[in-house]
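Just protein-v5.cif here, mmCIF, C-alpha atoms and all ligand atoms:
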data_upload
loop_
_atom_site.label_atom_id
_atom_site.label_comp_id
_atom_site.auth_asym_id
_atom_site.auth_seq_id
_atom_site.Cartn_x
_atom_site.Cartn_y
_atom_site.Cartn_z
CA MET A 543 -24.29 -33.20 29.66
CA LYS A 544 -27.27 -34.55 31.60
CA LEU A 545 -29.39 -31.90 33.26
CA ASN A 546 -32.29 -31.94 35.65
CA ARG A 547 -31.97 -35.21 37.48
CA ALA A 548 -34.79 -33.88 39.67
CA ARG A 549 -37.10 -33.35 36.71
CA ASN A 550 -39.59 -36.06 37.65
CA ASP A 551 -40.19 -34.92 41.21
CA PRO A 552 -43.97 -34.52 41.63
CA ILE A 553 -43.35 -31.42 43.74
CA TRP A 554 -42.94 -29.32 40.58
CA GLY A 555 -46.64 -29.86 39.90
CA GLU A 556 -47.19 -27.36 42.72
CA ILE A 557 -45.55 -24.63 40.65
CA ARG A 558 -47.78 -25.41 37.70
CA SER A 559 -50.95 -25.43 39.79
CA GLY A 560 -49.89 -22.22 41.56
CA LEU A 561 -49.21 -20.48 38.27
CA LYS A 562 -52.34 -21.61 36.42
CA PRO A 563 -54.62 -18.93 37.92
CA ILE A 564 -52.06 -16.27 36.91
CA LEU A 565 -50.79 -17.53 33.56
CA GLY A 566 -53.68 -19.72 32.39
CA ASP A 567 -54.06 -23.38 31.43
CA GLY A 568 -51.27 -23.23 28.85
CA VAL A 569 -48.62 -22.97 31.55
CA LYS A 570 -46.01 -25.74 31.54
CA LEU A 571 -42.70 -26.47 33.20
CA VAL A 572 -39.93 -27.63 30.91
CA PHE A 573 -36.80 -29.33 32.28
CA PRO A 574 -34.37 -29.92 29.41
CA GLU A 575 -32.31 -33.09 29.71
CA ILE A 576 -30.20 -32.10 26.76
CA TRP A 577 -29.45 -28.45 26.03
CA THR A 578 -30.44 -27.28 22.54
CA GLU A 579 -30.35 -24.07 20.50
CA GLY A 580 -34.07 -23.69 21.20
CA HIS A 581 -33.42 -23.64 24.95
CA LEU A 582 -30.65 -21.12 24.45
CA SER A 583 -33.00 -18.80 22.61
CA TRP A 584 -35.61 -19.14 25.39
CA TYR A 585 -32.90 -18.34 27.90
CA ARG A 586 -31.89 -15.23 25.99
CA GLU A 587 -35.45 -14.04 25.54
CA ILE A 588 -36.13 -14.14 29.28
CA GLU A 589 -32.74 -12.70 30.16
CA GLN A 590 -33.29 -9.77 27.82
CA SER A 591 -36.63 -8.99 29.43
CA SER A 592 -35.06 -9.07 32.89
CA PHE A 593 -31.44 -7.90 32.96
CA ARG A 594 -29.48 -5.04 31.49
CA PRO A 595 -26.95 -6.20 28.86
CA SER A 596 -23.95 -6.10 31.23
CA LEU A 597 -25.63 -8.71 33.42
CA THR A 598 -26.55 -11.18 30.70
CA TYR A 599 -24.45 -14.29 30.12
CA GLY A 600 -22.52 -15.23 27.03
CA GLU A 601 -23.15 -18.73 25.67
CA GLU A 602 -19.95 -19.98 27.28
CA GLU A 603 -20.99 -18.67 30.68
CA ILE A 604 -24.31 -20.47 30.39
CA MET A 605 -22.55 -23.71 29.37
CA GLU A 606 -20.16 -23.42 32.33
CA ARG A 607 -23.10 -23.19 34.69
CA LEU A 608 -24.88 -26.10 33.05
CA SER A 609 -21.84 -28.26 33.76
CA GLU A 610 -22.05 -27.78 37.53
CA GLN A 611 -23.43 -30.53 39.77
CA ASP A 612 -27.11 -31.32 40.21
CA VAL A 613 -28.17 -28.65 37.78
CA LEU A 614 -31.78 -27.58 37.92
CA MET A 615 -32.66 -25.65 34.76
CA MET A 616 -36.35 -25.01 34.67
CA PHE A 617 -38.32 -23.01 32.13
CA ILE A 618 -41.86 -21.83 32.63
CA THR A 619 -43.67 -21.63 29.30
CA VAL A 620 -47.13 -20.51 28.31
CA ASP A 621 -48.47 -21.99 25.10
CA ASP A 622 -44.87 -22.97 24.36
CA HIS A 623 -43.53 -19.41 24.76
CA PRO A 624 -40.95 -18.78 27.48
CA GLU A 625 -42.19 -16.83 30.51
CA GLY A 626 -39.61 -17.54 33.17
CA LEU A 627 -36.55 -19.49 34.20
CA LEU A 628 -34.80 -20.80 37.23
CA LEU A 629 -31.19 -21.97 37.18
CA GLY A 630 -29.56 -23.49 40.24
CA TYR A 631 -26.94 -26.11 41.15
CA THR A 632 -24.45 -27.15 43.77
CA PHE A 633 -20.72 -26.63 43.63
CA GLU A 634 -17.82 -27.24 45.91
CA GLY A 635 -17.07 -23.53 46.29
CA VAL A 636 -20.18 -23.18 48.44
CA SER A 637 -20.26 -26.79 49.80
CA LEU A 638 -22.33 -29.61 48.43
CA GLU A 639 -24.88 -29.11 51.20
CA THR A 640 -25.83 -25.80 49.67
CA PHE A 641 -28.16 -25.36 46.75
CA TYR A 642 -27.04 -22.26 44.87
CA ILE A 643 -29.52 -20.17 42.91
CA ASP A 644 -27.77 -18.62 39.96
CA THR A 645 -30.70 -16.98 38.22
CA ILE A 646 -34.41 -16.56 38.59
CA ALA A 647 -36.24 -14.36 36.14
CA VAL A 648 -39.80 -13.95 34.99
CA LYS A 649 -41.17 -11.80 32.20
CA GLN A 650 -44.31 -10.65 34.02
CA LYS A 651 -42.96 -9.07 37.16
CA GLY A 652 -44.84 -8.26 40.32
CA ARG A 653 -47.67 -10.79 39.76
CA GLY A 654 -46.60 -13.30 42.38
CA ILE A 655 -44.90 -15.68 39.93
CA GLY A 656 -41.42 -15.43 41.44
CA ARG A 657 -42.73 -16.04 44.91
CA ILE A 658 -44.55 -19.22 43.83
CA ILE A 659 -41.46 -20.59 42.09
CA MET A 660 -39.23 -19.85 45.07
CA THR A 661 -41.65 -21.24 47.64
CA VAL A 662 -41.76 -24.61 45.88
CA LEU A 663 -38.02 -24.57 45.27
CA ILE A 664 -37.41 -24.08 49.00
CA LYS A 665 -39.72 -27.01 49.79
CA TRP A 666 -37.90 -29.18 47.23
CA ALA A 667 -34.42 -28.26 48.55
CA LYS A 668 -35.49 -29.14 52.07
CA LYS A 669 -36.85 -32.48 50.90
CA MET A 670 -33.59 -33.19 49.05
CA GLY A 671 -31.64 -32.72 52.28
CA TYR A 672 -29.82 -29.50 51.41
CA ARG A 673 -28.86 -27.48 54.49
CA GLN A 674 -29.18 -24.06 52.90
CA ILE A 675 -29.99 -22.12 49.77
CA GLN A 676 -27.60 -19.39 48.77
CA LEU A 677 -27.54 -16.72 46.09
CA ASP A 678 -25.74 -13.58 45.04
CA THR A 679 -27.73 -10.69 43.77
CA GLU A 680 -27.63 -6.99 43.19
CA TYR A 681 -28.87 -5.15 46.22
CA GLU A 682 -31.15 -3.11 44.03
CA ASN A 683 -31.91 -3.41 40.34
CA GLU A 684 -31.77 -0.53 37.85
CA LYS A 685 -35.44 0.28 38.49
CA GLY A 686 -34.77 0.75 42.20
CA PHE A 687 -36.51 -2.54 43.11
CA LEU A 688 -34.87 -3.92 46.22
CA LEU A 689 -34.05 -7.46 45.24
CA SER A 690 -33.08 -8.14 48.83
CA SER A 691 -36.69 -7.57 49.90
CA PHE A 692 -37.97 -10.15 47.40
CA TYR A 693 -35.71 -12.74 49.05
CA GLU A 694 -36.19 -11.43 52.60
CA HIS A 695 -39.94 -11.99 52.26
CA LEU A 696 -39.07 -15.63 51.62
CA GLY A 697 -36.89 -15.86 54.74
CA PHE A 698 -33.43 -15.22 53.29
CA LYS A 699 -30.87 -13.26 55.30
CA VAL A 700 -27.98 -11.18 54.01
CA VAL A 701 -24.70 -12.92 54.89
CA ASP A 702 -22.23 -10.83 52.91
CA ILE A 703 -22.13 -7.46 51.20
CA ASP A 704 -19.78 -6.35 48.47
CA ASP A 705 -20.14 -2.58 48.54
CA GLU A 706 -17.82 -2.06 45.63
CA ILE A 707 -20.00 -3.85 43.11
CA GLY A 708 -23.26 -3.44 45.01
CA ASN A 709 -23.79 -7.18 45.37
CA ILE A 710 -25.10 -9.12 48.33
CA THR A 711 -24.92 -12.77 49.26
CA MET A 712 -28.09 -14.14 50.84
CA GLN A 713 -28.78 -17.41 52.53
CA LEU A 714 -31.77 -19.37 53.73
CA LYS A 715 -31.15 -22.07 56.34
CA LEU A 716 -33.39 -25.05 55.67
C1 LIG B 1 -36.90 -10.88 40.98
C2 LIG B 1 -38.09 -11.55 40.32
C3 LIG B 1 -37.74 -12.99 39.93
C4 LIG B 1 -39.25 -11.57 41.34
O1 LIG B 1 -40.36 -12.24 40.79
P1 LIG B 1 -41.78 -11.51 40.73
O2 LIG B 1 -42.75 -12.50 40.17
O3 LIG B 1 -41.64 -10.21 40.03
O4 LIG B 1 -42.05 -11.25 42.29
P2 LIG B 1 -43.43 -11.47 43.03
O5 LIG B 1 -44.52 -10.76 42.27
O6 LIG B 1 -43.61 -12.91 43.33
O7 LIG B 1 -43.20 -10.65 44.38
C5 LIG B 1 -42.70 -11.24 45.54
C6 LIG B 1 -42.37 -10.11 46.51
O8 LIG B 1 -41.38 -9.24 45.94
C7 LIG B 1 -41.82 -7.89 46.02
N1 LIG B 1 -41.89 -7.26 44.71
C8 LIG B 1 -42.10 -7.85 43.52
N2 LIG B 1 -42.06 -6.97 42.52
C9 LIG B 1 -41.82 -5.77 43.09
C10 LIG B 1 -41.64 -4.47 42.58
N3 LIG B 1 -41.71 -4.20 41.26
N4 LIG B 1 -41.38 -3.47 43.46
C11 LIG B 1 -41.29 -3.73 44.78
N5 LIG B 1 -41.45 -4.95 45.32
C12 LIG B 1 -41.70 -5.96 44.49
C13 LIG B 1 -43.16 -7.83 46.57
O9 LIG B 1 -43.00 -7.10 47.79
C14 LIG B 1 -43.57 -9.24 46.83
O10 LIG B 1 -43.79 -9.37 48.21
P3 LIG B 1 -45.17 -9.96 48.75
O11 LIG B 1 -45.21 -11.37 48.25
O12 LIG B 1 -45.05 -9.85 50.21
O13 LIG B 1 -46.22 -9.10 48.13
C15 LIG B 1 -38.58 -10.79 39.05
O14 LIG B 1 -39.00 -9.50 39.42
C16 LIG B 1 -37.54 -10.69 37.95
O15 LIG B 1 -37.51 -11.50 37.04
N6 LIG B 1 -36.66 -9.67 37.99
C17 LIG B 1 -35.60 -9.51 37.01
C18 LIG B 1 -34.52 -10.55 37.16
C19 LIG B 1 -33.83 -10.49 38.52
O16 LIG B 1 -33.45 -9.43 38.99
N7 LIG B 1 -33.67 -11.68 39.17
C20 LIG B 1 -33.07 -11.78 40.50
C21 LIG B 1 -31.59 -11.91 40.50
S1 LIG B 1 -31.07 -13.43 39.73
#

Just give me the structure of the file as structure tokens.
Ligand SMILES: CC(C)(COP(=O)(O)OP(=O)(O)OC[C@H]1O[C@@H](n2cnc3c(N)ncnc32)[C@H](O)[C@@H]1OP(=O)(O)O)[C@@H](O)C(=O)NCCC(=O)NCCS
Amino acid sequence: MKLNRARNDPIWGEIRSGLKPILGDGVKLVFPEIWTEGHLSWYREIEQSSFRPSLTYGEEEIMERLSEQDVLMMFITVDDHPEGLLLGYTFEGVSLETFYIDTIAVKQKGRGIGRIIMTVLIKWAKKMGYRQIQLDTEYENEKGFLLSSFYEHLGFKVVDIDDEIGNITMQLKL
């Protein structure tokens, strides 16, 4: 399974330079080409700091996602410790013109890290010729933080609401 065909795009340097003042000089972006146990344990560490157990993925669920098309699986590390992740891809269910964000999570919340990652991701998706970015998220997390407002600040609009499970679908036209 070959991941991260976009790994060498110089645009990712903008995430690193944006994050350096917040996370220090030890900040790095890691784009695995081959998935290893080490990556899985990074994934789990960040997930556990960010989601309640019912929202975390089993190993099989992660592997399913890593076998989608044009997978972007980025880790942010500081001094080789995981600090954040972004997982996105395209799939026919949403159309191949749509880049789908599956998960974004950072350990240190509310410091501007998520916004920097998303801002550069949006720029990259535009450059790649995608027509929109789409994601599904909980309307509100367990701490009452309105996830919709995080994405709305970046220009996303709600396009669908599933009241039963409290999920929303959001989209950004590029
Ligand atoms: C969602 C998440 C990625 C956002 O990243 P972040 O680095 O914490 O967010 P930022 O500090 O960049 O904040 C961006 C905006 O979101 C809002 N925000 C961030 N944290 C907030 C908080 N705790 N309460 C209220 N608003 C908040 C701010 O209004 C901010 O807007 P501004 O840029 O106009 O000031 C991060 O909080 C996280 O990992 N959460 C757990 C995982 C998750 O729920 N992921 C999303 C679904 S996949």

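Across A:Glu625, A:Glu694, A:Asp705, A:Asp644, the tightest approach to Val572 in chain A is made by A:Glu625 when counting all atoms listed in the file.
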
Can you report as lines of an AutoDock Vina configuration file the centre and edge lengths in Å, to one decimal, of an axis-aligned box around the listed atoms of range 683-688 of chain A padded with 5 Å on each side?
center_x = -34.1
center_y = -1.6
center_z = 42.0
size_x = 14.7
size_y = 14.7
size_z = 18.4

Record the distance separating atom N5 of ligand LIG 1 (chain B) and CA of Asp567 in chain A, expressed in Å with one decimal.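 Going from atom N5 of ligand LIG 1 (chain B) over to CA of Asp567 in chain A covers 26.3 Å.
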
**Message:** List as a count of residues only the protein and nucleic acid residues near Leu629 in chain A, meaning an atom at most 12 Å away when only C-alpha atoms are counted, but skip any in the same chain fewer than 4 places from it.
**Reply:** 32

Could you please extract the residues within 7 Å of ligand LIG 1 (chain B), counting all atoms listed in the file, and hand them back as JSON, numbers by chain? {"A": [592, 593, 644, 645, 646, 647, 648, 649, 650, 651, 652, 653, 654, 655, 656, 657, 658, 679, 680, 683, 687, 688, 689, 691, 692, 695]}

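A straight line drawn from CA of Glu556 in chain A to CA of Thr661 in chain A is 9.6 Å long.
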
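Between CA of Ile664 in chain A and CA of Thr632 in chain A lies a distance of 14.3 Å.
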
**Message:** Counting all atoms listed in the file, find residues at most 12 Å from (-37.3, -28.9, 47.7) (file frame) and give them as JSON, numbers by chain.
**Reply:** {"A": [548, 549, 551, 552, 553, 554, 556, 557, 614, 641, 659, 660, 661, 662, 663, 664, 665, 666, 667, 668, 669, 670, 671, 672, 673, 674, 675, 716]}

Taking C-alpha atoms for each residue, export the selection above as a compact mmCIF listing (two decimals), in the coordinates of the input.
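What ended up in result_15.txt:
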# COMPACT_ATOMS: atom_id res chain seq x y z
CA ALA A 548 -34.79 -33.88 39.67
CA ARG A 549 -37.10 -33.35 36.71
CA ASP A 551 -40.19 -34.92 41.21
CA PRO A 552 -43.97 -34.52 41.63
CA ILE A 553 -43.35 -31.42 43.74
CA TRP A 554 -42.94 -29.32 40.58
CA GLU A 556 -47.19 -27.36 42.72
CA ILE A 557 -45.55 -24.63 40.65
CA LEU A 614 -31.78 -27.58 37.92
CA PHE A 641 -28.16 -25.36 46.75
CA ILE A 659 -41.46 -20.59 42.09
CA MET A 660 -39.23 -19.85 45.07
CA THR A 661 -41.65 -21.24 47.64
CA VAL A 662 -41.76 -24.61 45.88
CA LEU A 663 -38.02 -24.57 45.27
CA ILE A 664 -37.41 -24.08 49.00
CA LYS A 665 -39.72 -27.01 49.79
CA TRP A 666 -37.90 -29.18 47.23
CA ALA A 667 -34.42 -28.26 48.55
CA LYS A 668 -35.49 -29.14 52.07
CA LYS A 669 -36.85 -32.48 50.90
CA MET A 670 -33.59 -33.19 49.05
CA GLY A 671 -31.64 -32.72 52.28
CA TYR A 672 -29.82 -29.50 51.41
CA ARG A 673 -28.86 -27.48 54.49
CA GLN A 674 -29.18 -24.06 52.90
CA ILE A 675 -29.99 -22.12 49.77
CA LEU A 716 -33.39 -25.05 55.67

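Between Val620 in chain A and the residues A:Leu597, A:Glu706, A:Gly568, A:Lys562, the shortest atom-to-atom distance, using all atoms listed in the file, involves A:Gly568.
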
Discussion item. My list of candidates is A:Ile703, A:Leu627, A:Ile710, A:Leu561. Which is closest to Glu587 in chain A when distances are computed with all atoms listed in the file?
Written reply: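 Counting all atoms listed in the file, the residue closest to Glu587 in chain A is A:Leu627.
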
Tell me which of A:Gly630, A:Leu714, A:His623, A:Lys685 sits closest to Leu571 in chain A, counting all atoms listed in the file.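 Nearest to Leu571 in chain A: A:His623.
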
*asked:* Ranking A:Leu582, A:Val636, A:Leu565, A:Ile576 by minimum distance to Arg547 in chain A and counting all atoms listed in the file, which one comes first?
replied: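 Of A:Leu582, A:Val636, A:Leu565, A:Ile576, the one nearest Arg547 in chain A, counting all atoms listed in the file, is A:Ile576.
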
Shortest contact to Asp702 in chain A, candidates A:Asp678, A:Glu634, A:Glu575, A:Glu603, atoms counted all atoms listed in the file, goes to A:Asp678
